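Undergrad: Okay, so here is query_11.cif, and as you'll see once you scroll down, it has mmCIF, C-alpha atoms and all ligand atoms.
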data_final
loop_
_atom_site.label_atom_id
_atom_site.label_comp_id
_atom_site.auth_asym_id
_atom_site.auth_seq_id
_atom_site.Cartn_x
_atom_site.Cartn_y
_atom_site.Cartn_z
CA MET V 156 -0.59 42.40 5.66
CA LEU V 157 -0.59 40.73 2.25
CA GLN V 158 -2.91 37.81 1.66
CA ARG V 159 -3.23 35.83 -1.55
CA PRO V 160 -6.59 36.66 -3.08
CA GLY V 161 -9.07 33.83 -2.74
CA LEU V 162 -7.53 32.17 0.30
CA PRO V 163 -10.08 31.47 3.00
CA ARG V 164 -10.18 33.72 6.02
CA HIS V 165 -11.36 32.59 9.38
CA GLY V 166 -13.77 35.28 10.41
CA ASP V 167 -11.80 38.51 10.70
CA ARG V 168 -8.52 36.73 11.09
CA PRO V 169 -5.96 36.43 8.29
CA ALA V 170 -5.12 32.95 7.02
CA CYS V 171 -1.85 31.19 6.36
CA ASN V 172 -0.80 31.83 2.77
CA VAL V 173 0.01 28.16 2.27
CA CYS V 174 -2.57 26.03 4.07
CA GLY V 175 -5.32 28.60 4.66
CA ASP V 176 -5.60 27.97 8.40
CA ALA V 177 -6.34 30.94 10.61
CA LEU V 178 -3.23 32.63 11.97
CA ARG V 179 -3.06 32.82 15.72
CA PHE V 180 -0.81 35.86 15.60
CA PRO V 181 -0.57 38.44 12.80
CA HIS V 182 3.17 37.84 12.49
CA SER V 183 5.02 34.80 13.63
CA ARG V 184 8.43 35.54 15.04
CA SER V 185 9.84 32.57 13.10
CA GLN V 186 8.75 34.00 9.76
CA ASP V 187 11.38 35.22 7.35
CA ASP V 188 8.88 37.14 5.24
CA PRO V 189 6.31 39.18 7.17
CA ALA V 190 4.74 40.21 3.85
CA PHE V 191 3.79 36.59 3.25
CA PRO V 192 2.57 35.23 6.58
CA THR V 193 2.27 31.54 7.23
CA CYS V 194 1.17 29.51 10.20
CA SER V 195 3.75 27.98 12.54
CA SER V 196 3.92 24.57 10.84
CA ALA V 197 7.35 23.72 9.44
CA GLU V 198 5.89 22.50 6.16
CA CYS V 199 4.10 25.80 5.47
CA GLN V 200 7.19 27.77 6.41
CA TYR V 201 9.27 25.60 4.08
CA VAL V 202 6.93 26.29 1.17
CA ALA V 203 6.98 30.03 1.95
CA SER V 204 10.79 30.03 2.11
CA GLN V 205 10.92 29.20 -1.61
CA ARG V 206 9.23 32.51 -2.48
CA SER V 207 12.46 34.50 -2.52
CA ARG V 208 14.34 31.93 -4.57
CA LEU V 209 11.88 31.11 -7.35
CA ALA V 210 10.47 33.10 -10.24
CA PRO V 211 6.94 34.27 -9.34
CA PRO V 212 5.10 31.96 -11.82
CA VAL V 213 7.11 28.93 -10.65
CA PHE V 214 6.49 29.81 -7.02
CA ALA V 215 2.78 30.36 -7.67
CA PHE V 216 2.59 26.87 -9.19
CA ARG V 217 4.44 25.31 -6.23
CA LEU V 218 2.35 27.20 -3.72
CA GLU V 219 -0.86 25.99 -5.30
CA PHE V 220 0.35 22.39 -5.61
CA GLN V 221 2.02 22.00 -2.21
CA GLY V 222 -0.67 23.98 -0.41
CA ARG V 223 -3.29 21.63 -1.82
CA LEU V 224 -1.31 18.55 -0.73
CA ILE V 225 -0.98 19.94 2.80
CA ARG V 226 -4.70 20.78 3.02
CA GLU V 227 -5.74 17.37 1.67
CA ARG V 228 -3.45 15.51 4.05
CA ARG V 229 -4.65 17.48 7.05
CA ALA V 230 -8.25 16.85 6.07
CA ARG V 231 -7.50 13.13 5.82
CA GLU V 232 -5.79 13.13 9.23
CA ALA V 233 -8.65 15.05 10.81
CA ALA V 234 -11.14 12.52 9.39
CA GLU V 235 -9.01 9.63 10.68
CA ASN V 236 -8.71 11.17 14.15
CA LYS V 237 -12.47 11.67 14.26
CA GLN V 238 -13.00 8.06 13.22
CA VAL V 239 -10.60 6.84 15.92
CA ALA V 240 -12.28 8.97 18.59
CA GLU V 241 -15.77 7.83 17.61
CA THR V 242 -14.76 4.17 17.39
CA THR V 243 -13.00 4.34 20.75
CA ALA V 244 -16.03 5.94 22.41
CA ARG V 245 -18.46 3.43 20.87
CA GLU V 246 -16.31 0.44 21.80
CA ALA V 247 -15.86 1.73 25.34
CA LEU V 248 -19.64 1.81 25.69
CA GLU V 249 -19.93 -1.75 24.38
CA HIS V 250 -17.23 -2.87 26.78
CA GLN V 251 -19.15 -1.46 29.73
CA HIS V 252 -22.22 -3.47 28.68
CA ILE V 253 -20.14 -6.62 28.30
CA LEU V 254 -18.62 -6.00 31.72
CA HIS V 255 -22.06 -5.60 33.21
CA LEU V 256 -23.26 -8.91 31.73
CA ALA V 257 -20.05 -10.80 32.41
CA SER V 258 -20.06 -9.70 36.05
CA LEU V 259 -22.86 -12.21 36.63
CA ARG V 260 -20.29 -14.95 36.03
CA LYS V 261 -17.29 -13.34 37.69
CA PRO V 262 -15.06 -16.20 38.87
CA ASP V 263 -14.01 -14.61 42.15
CA SER V 264 -15.26 -12.19 44.76
CA PRO V 265 -17.43 -9.37 43.42
CA ASP V 266 -15.28 -6.98 45.43
CA ARG V 267 -12.07 -7.80 43.58
CA PRO V 268 -11.18 -5.00 41.17
CA VAL V 269 -11.75 -5.72 37.48
CA ARG V 270 -9.45 -4.71 34.65
CA LEU V 271 -10.85 -4.71 31.18
CA VAL V 272 -8.56 -5.38 28.21
CA SER V 273 -9.72 -5.29 24.61
CA ILE V 274 -7.42 -7.24 22.30
CA PRO V 275 -7.31 -7.69 18.54
CA SER V 276 -7.25 -10.99 16.58
CA GLY V 277 -4.54 -12.63 14.54
CA HIS V 278 -5.25 -14.33 11.25
CA THR V 279 -5.94 -18.05 11.49
CA THR V 280 -6.46 -19.35 7.96
CA THR V 281 -3.48 -21.43 6.94
CA THR V 282 -2.25 -22.02 3.43
CA ARG V 283 0.51 -24.00 1.74
CA LEU V 284 3.61 -21.79 1.85
CA PRO V 285 4.12 -20.26 -1.60
CA GLY V 286 7.62 -20.92 -3.06
CA GLN V 287 8.00 -17.23 -3.80
CA ARG V 288 7.58 -16.29 -0.13
CA LEU V 289 10.13 -18.91 0.92
CA ALA V 290 12.60 -17.64 -1.70
CA SER V 291 12.12 -14.07 -0.51
CA TYR V 292 12.66 -15.05 3.16
CA ARG V 293 15.73 -17.09 2.23
CA ALA V 294 17.26 -14.14 0.33
CA HIS V 295 16.56 -11.89 3.35
CA LEU V 296 18.27 -14.35 5.71
CA GLU V 297 21.27 -14.80 3.43
CA ASP V 298 21.75 -11.04 3.28
CA LEU V 299 21.47 -10.68 7.09
CA ILE V 300 23.86 -13.57 7.73
CA ARG V 301 26.44 -12.16 5.29
CA ARG V 302 26.29 -8.75 6.98
CA ALA V 303 26.25 -10.25 10.48
CA ALA V 304 29.43 -12.20 9.64
CA GLN V 305 31.18 -8.87 9.00
CA CYS V 306 30.46 -7.72 12.59
CA THR V 307 32.41 -9.03 15.51
CA ASN V 308 29.50 -8.95 17.97
CA GLU V 309 25.86 -7.99 18.44
CA MET V 310 26.67 -4.49 19.74
CA GLU V 311 28.56 -3.70 16.56
CA ALA V 312 25.60 -4.87 14.50
CA LEU V 313 23.12 -2.59 16.22
CA SER V 314 21.97 0.34 14.15
CA ALA V 315 20.08 3.27 15.68
CA ASP V 316 16.84 1.49 14.78
CA THR V 317 17.66 -1.84 16.31
CA GLN V 318 19.24 -0.18 19.34
CA ALA V 319 15.83 1.33 20.13
CA ALA V 320 14.15 -2.08 19.67
CA ARG V 321 16.75 -3.66 21.95
CA GLU V 322 16.17 -1.10 24.68
CA LYS V 323 12.44 -1.63 24.41
CA ARG V 324 12.89 -5.39 24.70
CA ILE V 325 15.11 -4.95 27.78
CA ASP V 326 12.55 -2.62 29.39
CA THR V 327 9.76 -5.10 28.72
CA GLU V 328 11.78 -7.98 30.14
CA ARG V 329 12.57 -5.96 33.25
CA LEU V 330 8.90 -5.19 33.86
CA LEU V 331 7.73 -8.77 33.29
CA HIS V 332 10.58 -10.22 35.33
CA ALA V 333 9.51 -8.04 38.29
CA ASN V 334 5.89 -9.16 37.91
CA PRO V 335 5.60 -12.83 36.86
CA ALA V 336 1.78 -12.76 37.05
CA LEU V 337 1.78 -9.94 34.51
CA ARG V 338 3.92 -12.08 32.20
CA THR V 339 1.59 -15.07 32.57
CA LEU V 340 -1.48 -12.94 31.88
CA SER V 341 0.17 -11.21 28.93
CA ASP V 342 1.06 -14.60 27.43
CA LYS V 343 -2.54 -15.74 27.92
CA LEU V 344 -3.92 -12.62 26.25
CA CYS V 345 -1.51 -13.02 23.31
CA GLY V 346 -2.52 -16.69 23.07
CA MET V 347 -6.17 -15.66 22.97
CA CYS V 348 -5.42 -13.02 20.30
CA LYS V 349 -3.27 -15.42 18.24
CA GLY V 350 -0.76 -12.94 16.90
CA GLY V 351 -2.78 -9.88 15.96
CA CYS V 352 0.50 -7.99 15.64
CA CYS V 353 2.24 -10.72 13.61
CA THR V 354 0.11 -9.97 10.56
CA ALA V 355 2.68 -7.37 9.49
CA GLY V 356 5.71 -9.70 9.76
CA ALA V 357 5.56 -10.63 6.05
CA ASP V 358 8.68 -12.37 4.68
CA THR V 359 11.22 -10.59 6.87
CA ALA V 360 9.84 -11.38 10.34
CA TYR V 361 11.46 -8.19 11.71
CA LEU V 362 14.79 -10.04 11.70
CA THR V 363 17.85 -7.78 11.61
CA VAL V 364 21.61 -8.09 11.32
CA ALA V 365 21.79 -7.76 15.12
CA THR V 366 19.33 -10.65 15.65
CA LEU V 367 21.43 -12.92 13.45
CA ARG V 368 24.68 -11.79 15.05
CA ARG V 369 23.28 -12.50 18.52
CA PHE V 370 22.22 -15.98 17.42
CA MET V 371 25.66 -16.58 15.86
CA ASP V 372 27.39 -15.38 19.05
CA ALA V 373 25.30 -17.83 21.08
CA ASN V 374 26.14 -20.66 18.66
CA PRO V 375 29.78 -20.05 17.63
CA ASP V 376 30.21 -23.53 16.14
CA LEU V 377 27.56 -23.01 13.48
CA SER V 378 28.67 -22.12 9.94
CA ALA V 379 26.76 -19.55 7.89
CA GLY V 380 24.99 -22.44 6.15
CA ASP V 381 24.02 -23.98 9.51
CA VAL V 382 22.54 -20.66 10.67
CA LEU V 383 20.52 -20.41 7.48
CA ASP V 384 19.29 -23.99 7.91
CA ALA V 385 18.39 -23.32 11.57
CA TYR V 386 16.04 -20.49 10.55
CA LEU V 387 14.64 -22.22 7.47
CA SER V 388 13.97 -25.43 9.42
CA ARG V 389 11.49 -23.50 11.62
CA ILE V 390 9.31 -22.80 8.61
CA GLY V 391 6.45 -25.23 8.12
CA LEU V 392 4.88 -26.40 4.86
CA GLU V 393 1.81 -24.46 5.94
CA THR V 394 1.78 -20.84 7.02
CA VAL V 395 -0.89 -18.45 8.26
CA GLU V 396 -2.27 -16.48 5.33
CA GLY V 397 -1.55 -12.74 5.25
CA ALA V 398 0.82 -12.87 8.23
CA CYS V 399 4.46 -13.36 9.14
CA ILE V 400 6.07 -16.30 7.37
CA ASN V 401 6.92 -17.81 10.78
CA GLN V 402 3.36 -17.76 12.04
CA THR V 403 1.74 -21.18 12.20
CA SER V 404 -1.63 -22.37 13.45
CA THR V 405 -0.02 -22.96 16.85
CA GLY V 406 1.87 -19.68 17.11
CA CYS V 407 5.32 -18.45 16.19
CA GLY V 408 7.59 -21.14 14.74
CA LEU V 409 10.72 -19.39 16.01
CA PRO V 410 11.88 -19.92 19.60
CA ARG V 411 12.24 -16.64 21.49
CA GLU V 412 16.05 -16.62 21.27
CA MET V 413 15.85 -16.62 17.46
CA ARG V 414 13.28 -13.82 17.22
CA SER V 415 14.07 -10.16 16.70
CA ASP V 416 14.11 -7.63 19.52
CA THR V 417 11.06 -6.10 17.90
CA CYS V 418 9.14 -9.36 18.31
CA ASN V 419 10.42 -9.99 21.83
CA GLY V 420 9.78 -6.44 23.05
CA TYR V 421 6.58 -5.53 21.25
CA TYR V 422 3.20 -5.26 22.90
CA CYS V 423 0.20 -3.69 21.24
CA ALA V 424 -1.46 -0.55 22.65
CA SER V 425 -3.98 -2.65 24.59
CA LEU V 426 -1.35 -4.65 26.42
CA LEU V 427 0.84 -1.60 26.95
CA GLY V 428 -2.13 0.10 28.57
CA PHE V 429 -2.67 -2.96 30.76
CA HIS V 430 1.02 -3.01 31.72
CA ALA V 431 0.98 0.70 32.54
CA GLU V 432 -2.06 0.27 34.80
CA CYS V 433 -0.38 -2.61 36.62
CA ARG V 434 2.87 -0.66 36.95
CA ASP V 435 0.94 1.96 38.93
CA ASP V 436 -1.20 -0.56 40.80
CA PRO V 437 0.41 -4.01 41.08
CA ASP V 438 -2.81 -5.67 42.35
CA ILE V 439 -3.91 -7.00 38.99
CA GLY V 440 -7.34 -8.03 40.23
CA THR V 441 -9.57 -9.94 37.80
CA LEU V 442 -9.13 -9.54 34.09
CA LEU V 443 -11.95 -9.45 31.58
CA ALA V 444 -10.57 -9.91 28.05
CA ILE V 445 -12.66 -8.83 25.09
CA ARG V 446 -11.35 -9.95 21.72
CA ARG V 447 -12.35 -8.07 18.59
CA ALA V 448 -12.20 -9.30 15.00
CA HIS V 449 -9.64 -6.97 13.42
CA SER V 450 -5.89 -7.42 13.62
CA ASN V 451 -3.76 -4.95 15.55
CA TRP V 452 -3.03 -2.89 12.43
CA ARG V 453 -6.66 -2.59 11.32
CA ARG V 454 -8.24 -1.66 14.63
CA PHE V 455 -9.83 1.50 13.32
CA ASP V 456 -10.51 0.30 9.79
CA SER V 457 -14.10 1.24 9.13
CA THR V 458 -14.53 -0.89 5.99
CA SER V 459 -15.90 -3.74 8.10
CA GLY V 460 -17.23 -4.06 11.63
CA ASN V 461 -14.66 -4.77 14.29
CA ASP V 462 -17.05 -7.06 16.10
CA ILE V 463 -16.51 -8.67 19.47
CA VAL V 464 -15.71 -12.32 18.80
CA GLU V 465 -14.69 -13.68 22.21
CA VAL V 466 -14.99 -12.71 25.86
CA ALA V 467 -13.32 -14.47 28.78
CA TRP V 468 -12.33 -13.98 32.38
CA VAL V 469 -8.58 -14.51 32.42
CA GLY V 470 -6.51 -15.27 35.50
CA THR V 471 -3.13 -16.87 36.05
CA GLU V 472 -4.96 -20.13 36.82
CA VAL V 473 -8.31 -19.42 35.17
CA PHE V 474 -9.64 -19.06 31.65
CA LEU V 475 -13.41 -18.78 31.79
CA PRO V 476 -15.17 -18.05 28.47
CA VAL V 477 -18.24 -15.85 28.78
CA ASP V 478 -21.03 -16.71 26.35
CA ILE V 479 -22.68 -13.37 25.66
CA LEU V 480 -22.25 -13.15 21.90
CA PRO V 481 -23.06 -11.81 19.44
CA VAL V 482 -23.16 -8.21 20.53
CA ALA V 483 -25.43 -6.82 17.84
CA ARG V 484 -26.18 -3.19 17.24
CA ASP V 485 -29.19 -1.93 15.33
CA GLU V 486 -28.98 0.90 12.82
CA GLY V 487 -29.41 3.49 15.53
CA GLY V 488 -26.34 2.12 17.31
CA THR V 489 -28.28 0.57 20.21
CA LEU V 490 -26.83 -2.58 21.68
CA ALA V 491 -29.08 -5.64 21.57
CA HIS V 492 -28.68 -5.98 25.33
CA GLU V 493 -30.10 -2.52 25.88
CA LYS V 494 -33.51 -3.36 24.41
S1 LIG V 501 0.74 -7.99 21.67
FE1 LIG V 501 -1.42 -7.52 21.29
S2 LIG V 501 -1.67 -7.85 19.09
FE2 LIG V 501 0.25 -8.86 19.66
S3 LIG V 501 -0.35 -11.01 20.11
FE3 LIG V 501 -0.42 -9.88 22.05
S4 LIG V 501 -2.54 -9.20 22.26
FE4 LIG V 501 -2.23 -9.76 20.11
S1 LIG V 502 8.75 -13.98 14.03
FE1 LIG V 502 7.14 -14.83 15.30
S2 LIG V 502 6.67 -13.23 16.82
FE2 LIG V 502 7.80 -12.27 15.12
S3 LIG V 502 6.22 -11.48 13.74
FE3 LIG V 502 6.81 -13.53 13.03
S4 LIG V 502 5.33 -14.91 13.99
FE4 LIG V 502 5.23 -12.95 15.09
ZN ZN V 503 -0.11 26.86 7.18
#
Please express what this file holds, its structure, as structure tokens.

TA:
Amino acid sequence: MLQRPGLPRHGDRPACNVCGDALRFPHSRSQDDPAFPTCSSAECQYVASQRSRLAPPVFAFRLEFQGRLIRERRAREAAENKQVAETTAREALEHQHILHLASLRKPDSPDRPVRLVSIPSGHTTTTRLPGQRLASYRAHLEDLIRRAAQCTNEMEALSADTQAAREKRIDTERLLHANPALRTLSDKLCGMCKGGCCTAGADTAYLTVATLRRFMDANPDLSAGDVLDAYLSRIGLETVEGACINQTSTGCGLPREMRSDTCNGYYCASLLGFHAECRDDPDIGTLLAIRRAHSNWRRFDSTSGNDIVEVAWVGTEVFLPVDILPVARDEGGTLAHEK
């Protein structure tokens, strides 16, 4: 079997000619060129497929360049996965300590089951809305309204993308409709988080042609200018910094019926996990919410500590803050409470 000289081998096993990973089998059945074995990944096989079409020096250059990109990306992904696994394990340990301490102030019977939900944090600093952001949002709306006017109804305006968002929103509504307590608790958790997922809304707010068409269908008497005014009138003079243009200090400025399916159907991984647990076991029990400092999109960002900033027992009728902060760790990773 031919191997490029200098490529790493894993013990006695031959390595992929592109990425250098050990080959599980000497010859993959999907390989076109058994003299130039690659691993089973599509990207390595694609690089190898160019061997028969390119002049050897050109192929050698491509192989070196693309192989390096693949190896670097995989190394980055492996480091990220490790970081996620370590962070998840460390946070789970901290959550168990918090649960232990908070149990002293559990608002109901000690025998009631406890569910633990860790939520992110939205941004809260407000700033005067920059004219440039408003202009960009306005241009986005004008484009959506123009394209929505060319469709006869919402269904026609749905692209493959927005169709998926619509189905997700319908699924979410179905679940929450069947379990009103779950809806109330989810709203409370999102209120406590203050839009940790809205930080990525920027100046488009996930609005789509289908959202605008749906709003126009529900309000057939409104002209295109009226629709534009309806959306722009929900924007305040102040907006939350580094977040969706519609996010204010008191939450989203858009009523639900004007929001996108993405906004109406989205729940972060924490709440999805909570929903999944309750789908299997409808007795919600008592909820201990632990809020961490980072937004939903920076949960595993290691550039700053994702500290616990708020803890509360949350029930449909109860919101009981638990004062056990700060949760400090020394350099050895030991929790202050453990000493
Ligand atoms: S879905 Fe998650 S990230 Fe978004 S507001 Fe609710 S708790 Fe926060
Ligand atoms: S429109 Fe509202 S719910 Fe959607 S991202 Fe913006 S602030 Fe969040
Ligand atoms: Zn490979």

Undergrad: What box, with edges along x, y and z, holds each listed atom of ligand LIG 501 (chain V) when 3 Å is added on every side, and can you state its centre and edge lengths in Å to one decimal, as AutoDock Vina command-line options?

TA:
--center_x -0.9 --center_y -9.3 --center_z 20.7 --size_x 9.3 --size_y 9.5 --size_z 9.2

Undergrad: Counting all atoms listed in the file, which residue out of V:Gly428, V:Gly351, V:Pro189, V:Gly380 sits closest to ligand LIG 501 (chain V)?

TA: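 Checking each candidate against ligand LIG 501 (chain V), we get V:Gly351 as the closest.
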
Undergrad: Interatomic distance between atom CA of Thr242 of chain V and atom S4 of ligand LIG 501 (chain V)?

TA: 18.8 Å

Undergrad: How would you write, as a ChimeraX atom specification, the set of residues no farther than 10 Å from ligand LIG 501 (chain V) when counting only C-alpha atoms and all ligand atoms?

TA: /V:272-277,341-354,406,418-427,444,446,449-452

Undergrad: Taking only C-alpha atoms and all ligand atoms into account, report as a VMD selection string which residues have an atom no farther than 12 Å from an atom of ligand LIG 502 (chain V).

TA: chain V and resid 277 to 279 292 345 to 346 348 to 363 366 386 389 to 391 394 to 422

Undergrad: Would you please work out which residue, of V:Asp436, V:His430, V:Arg447, V:Cys171, is nearest to Leu331 of chain V when using all atoms listed in the file?

TA: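 Closest residue, counting all atoms listed in the file: V:His430.
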
Undergrad: Hey, which residues come within 12 Å of ligand ZN 503 (chain V) if we count all atoms listed in the file? Could you give them as a PDB file with C-alpha atoms, in the frame of the given file?

TA:
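Wrote pocket_23.pdb, looks like this:
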ATOM      1  CA  LEU V 162      -7.530  32.170   0.300  1.00  0.00           C
ATOM      2  CA  PRO V 163     -10.080  31.470   3.000  1.00  0.00           C
ATOM      3  CA  PRO V 169      -5.960  36.430   8.290  1.00  0.00           C
ATOM      4  CA  ALA V 170      -5.120  32.950   7.020  1.00  0.00           C
ATOM      5  CA  CYS V 171      -1.850  31.190   6.360  1.00  0.00           C
ATOM      6  CA  ASN V 172      -0.800  31.830   2.770  1.00  0.00           C
ATOM      7  CA  VAL V 173       0.010  28.160   2.270  1.00  0.00           C
ATOM      8  CA  CYS V 174      -2.570  26.030   4.070  1.00  0.00           C
ATOM      9  CA  GLY V 175      -5.320  28.600   4.660  1.00  0.00           C
ATOM     10  CA  ASP V 176      -5.600  27.970   8.400  1.00  0.00           C
ATOM     11  CA  ALA V 177      -6.340  30.940  10.610  1.00  0.00           C
ATOM     12  CA  LEU V 178      -3.230  32.630  11.970  1.00  0.00           C
ATOM     13  CA  ARG V 179      -3.060  32.820  15.720  1.00  0.00           C
ATOM     14  CA  SER V 183       5.020  34.800  13.630  1.00  0.00           C
ATOM     15  CA  GLN V 186       8.750  34.000   9.760  1.00  0.00           C
ATOM     16  CA  PHE V 191       3.790  36.590   3.250  1.00  0.00           C
ATOM     17  CA  PRO V 192       2.570  35.230   6.580  1.00  0.00           C
ATOM     18  CA  THR V 193       2.270  31.540   7.230  1.00  0.00           C
ATOM     19  CA  CYS V 194       1.170  29.510  10.200  1.00  0.00           C
ATOM     20  CA  SER V 195       3.750  27.980  12.540  1.00  0.00           C
ATOM     21  CA  SER V 196       3.920  24.570  10.840  1.00  0.00           C
ATOM     22  CA  ALA V 197       7.350  23.720   9.440  1.00  0.00           C
ATOM     23  CA  GLU V 198       5.890  22.500   6.160  1.00  0.00           C
ATOM     24  CA  CYS V 199       4.100  25.800   5.470  1.00  0.00           C
ATOM     25  CA  GLN V 200       7.190  27.770   6.410  1.00  0.00           C
ATOM     26  CA  TYR V 201       9.270  25.600   4.080  1.00  0.00           C
ATOM     27  CA  VAL V 202       6.930  26.290   1.170  1.00  0.00           C
ATOM     28  CA  ALA V 203       6.980  30.030   1.950  1.00  0.00           C
ATOM     29  CA  LEU V 218       2.350  27.200  -3.720  1.00  0.00           C
ATOM     30  CA  GLN V 221       2.020  22.000  -2.210  1.00  0.00           C
ATOM     31  CA  GLY V 222      -0.670  23.980  -0.410  1.00  0.00           C
ATOM     32  CA  ARG V 223      -3.290  21.630  -1.820  1.00  0.00           C
ATOM     33  CA  LEU V 224      -1.310  18.550  -0.730  1.00  0.00           C
ATOM     34  CA  ILE V 225      -0.980  19.940   2.800  1.00  0.00           C
ATOM     35  CA  ARG V 226      -4.700  20.780   3.020  1.00  0.00           C
ATOM     36  CA  ARG V 229      -4.650  17.480   7.050  1.00  0.00           C
TER      37      ARG V 229
END

Undergrad: If you count only C-alpha atoms, which residues fall within 8 Å of segment 301-304 of chain V, apart from same-chain ones fewer than 4 positions away, as a PDB file with C-alpha atoms, in the frame of the given file?

TA:
ATOM      1  CA  GLU V 297      21.270 -14.800   3.430  1.00  0.00           C
ATOM      2  CA  ALA V 312      25.600  -4.870  14.500  1.00  0.00           C
ATOM      3  CA  VAL V 364      21.610  -8.090  11.320  1.00  0.00           C
ATOM      4  CA  ALA V 365      21.790  -7.760  15.120  1.00  0.00           C
ATOM      5  CA  LEU V 367      21.430 -12.920  13.450  1.00  0.00           C
ATOM      6  CA  ARG V 368      24.680 -11.790  15.050  1.00  0.00           C
ATOM      7  CA  ALA V 379      26.760 -19.550   7.890  1.00  0.00           C
TER       8      ALA V 379
END

Undergrad: Choose the residue, out of V:Gly440, V:Leu392, V:Leu475, V:Lys261, that has the smallest atom-to-atom separation from Pro285 of chain V; count all atoms listed in the file.

TA: V:Leu392

Undergrad: Tell me, in Å to one decimal, how far atom CA of Glu465 of chain V is from atom CA of Lys237 of chain V.

TA: 26.7 Å

Undergrad: Using only C-alpha atoms, which of the listed residues (V:Arg321, V:Arg454, V:His332, V:Arg293) sits closest to Val382 of chain V?

TA: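 Residue with the minimum atom-to-atom distance to Val382 of chain V: V:Arg293.
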
Undergrad: Using Å and a single decimal, report how far atom CA of Ala233 of chain V sits from atom CA of Arg217 of chain V.

TA: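 Atom-to-atom, atom CA of Arg217 of chain V to atom CA of Ala233 of chain V, that is 23.8 Å.
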
Undergrad: Smallest atom-to-atom distance to Gln251 of chain V: which of V:Trp468, V:Leu271, V:Pro476, V:Arg324, using all atoms listed in the file?

TA: V:Leu271

Undergrad: Can you tell me, as a PDB file with C-alpha atoms, in the coordinates of the input, what residues are no more than 12 Å from Gln238 of chain V when counting all atoms listed in the file, ignoring any on the same chain fewer than 6 positions away?

TA:
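Just written: around02.pdb:
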ATOM      1  CA  ARG V 231      -7.500  13.130   5.820  1.00  0.00           C
ATOM      2  CA  GLU V 232      -5.790  13.130   9.230  1.00  0.00           C
ATOM      3  CA  ALA V 244     -16.030   5.940  22.410  1.00  0.00           C
ATOM      4  CA  ARG V 245     -18.460   3.430  20.870  1.00  0.00           C
ATOM      5  CA  GLU V 246     -16.310   0.440  21.800  1.00  0.00           C
ATOM      6  CA  ARG V 454      -8.240  -1.660  14.630  1.00  0.00           C
ATOM      7  CA  PHE V 455      -9.830   1.500  13.320  1.00  0.00           C
ATOM      8  CA  ASP V 456     -10.510   0.300   9.790  1.00  0.00           C
ATOM      9  CA  SER V 457     -14.100   1.240   9.130  1.00  0.00           C
ATOM     10  CA  THR V 458     -14.530  -0.890   5.990  1.00  0.00           C
TER      11      THR V 458
END

Undergrad: Give the answer as one residue: which of V:Ala234, V:Val464, V:Ile445, V:Ile439 has the shortest atom-to-atom distance to Leu340 of chain V, using only C-alpha atoms?

TA: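 Ranking V:Ala234, V:Val464, V:Ile445, V:Ile439 by distance to Leu340 of chain V, first place goes to V:Ile439.
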
Undergrad: Taking 6 positions as the minimum chain separation for residues in the same chain, which residues sit within 10 Å of Asp478 of chain V when counting only C-alpha atoms? Answer as a list in words.

TA: Leu256, Ala257, Arg260, Glu465, Val466 and Ala467 of chain V
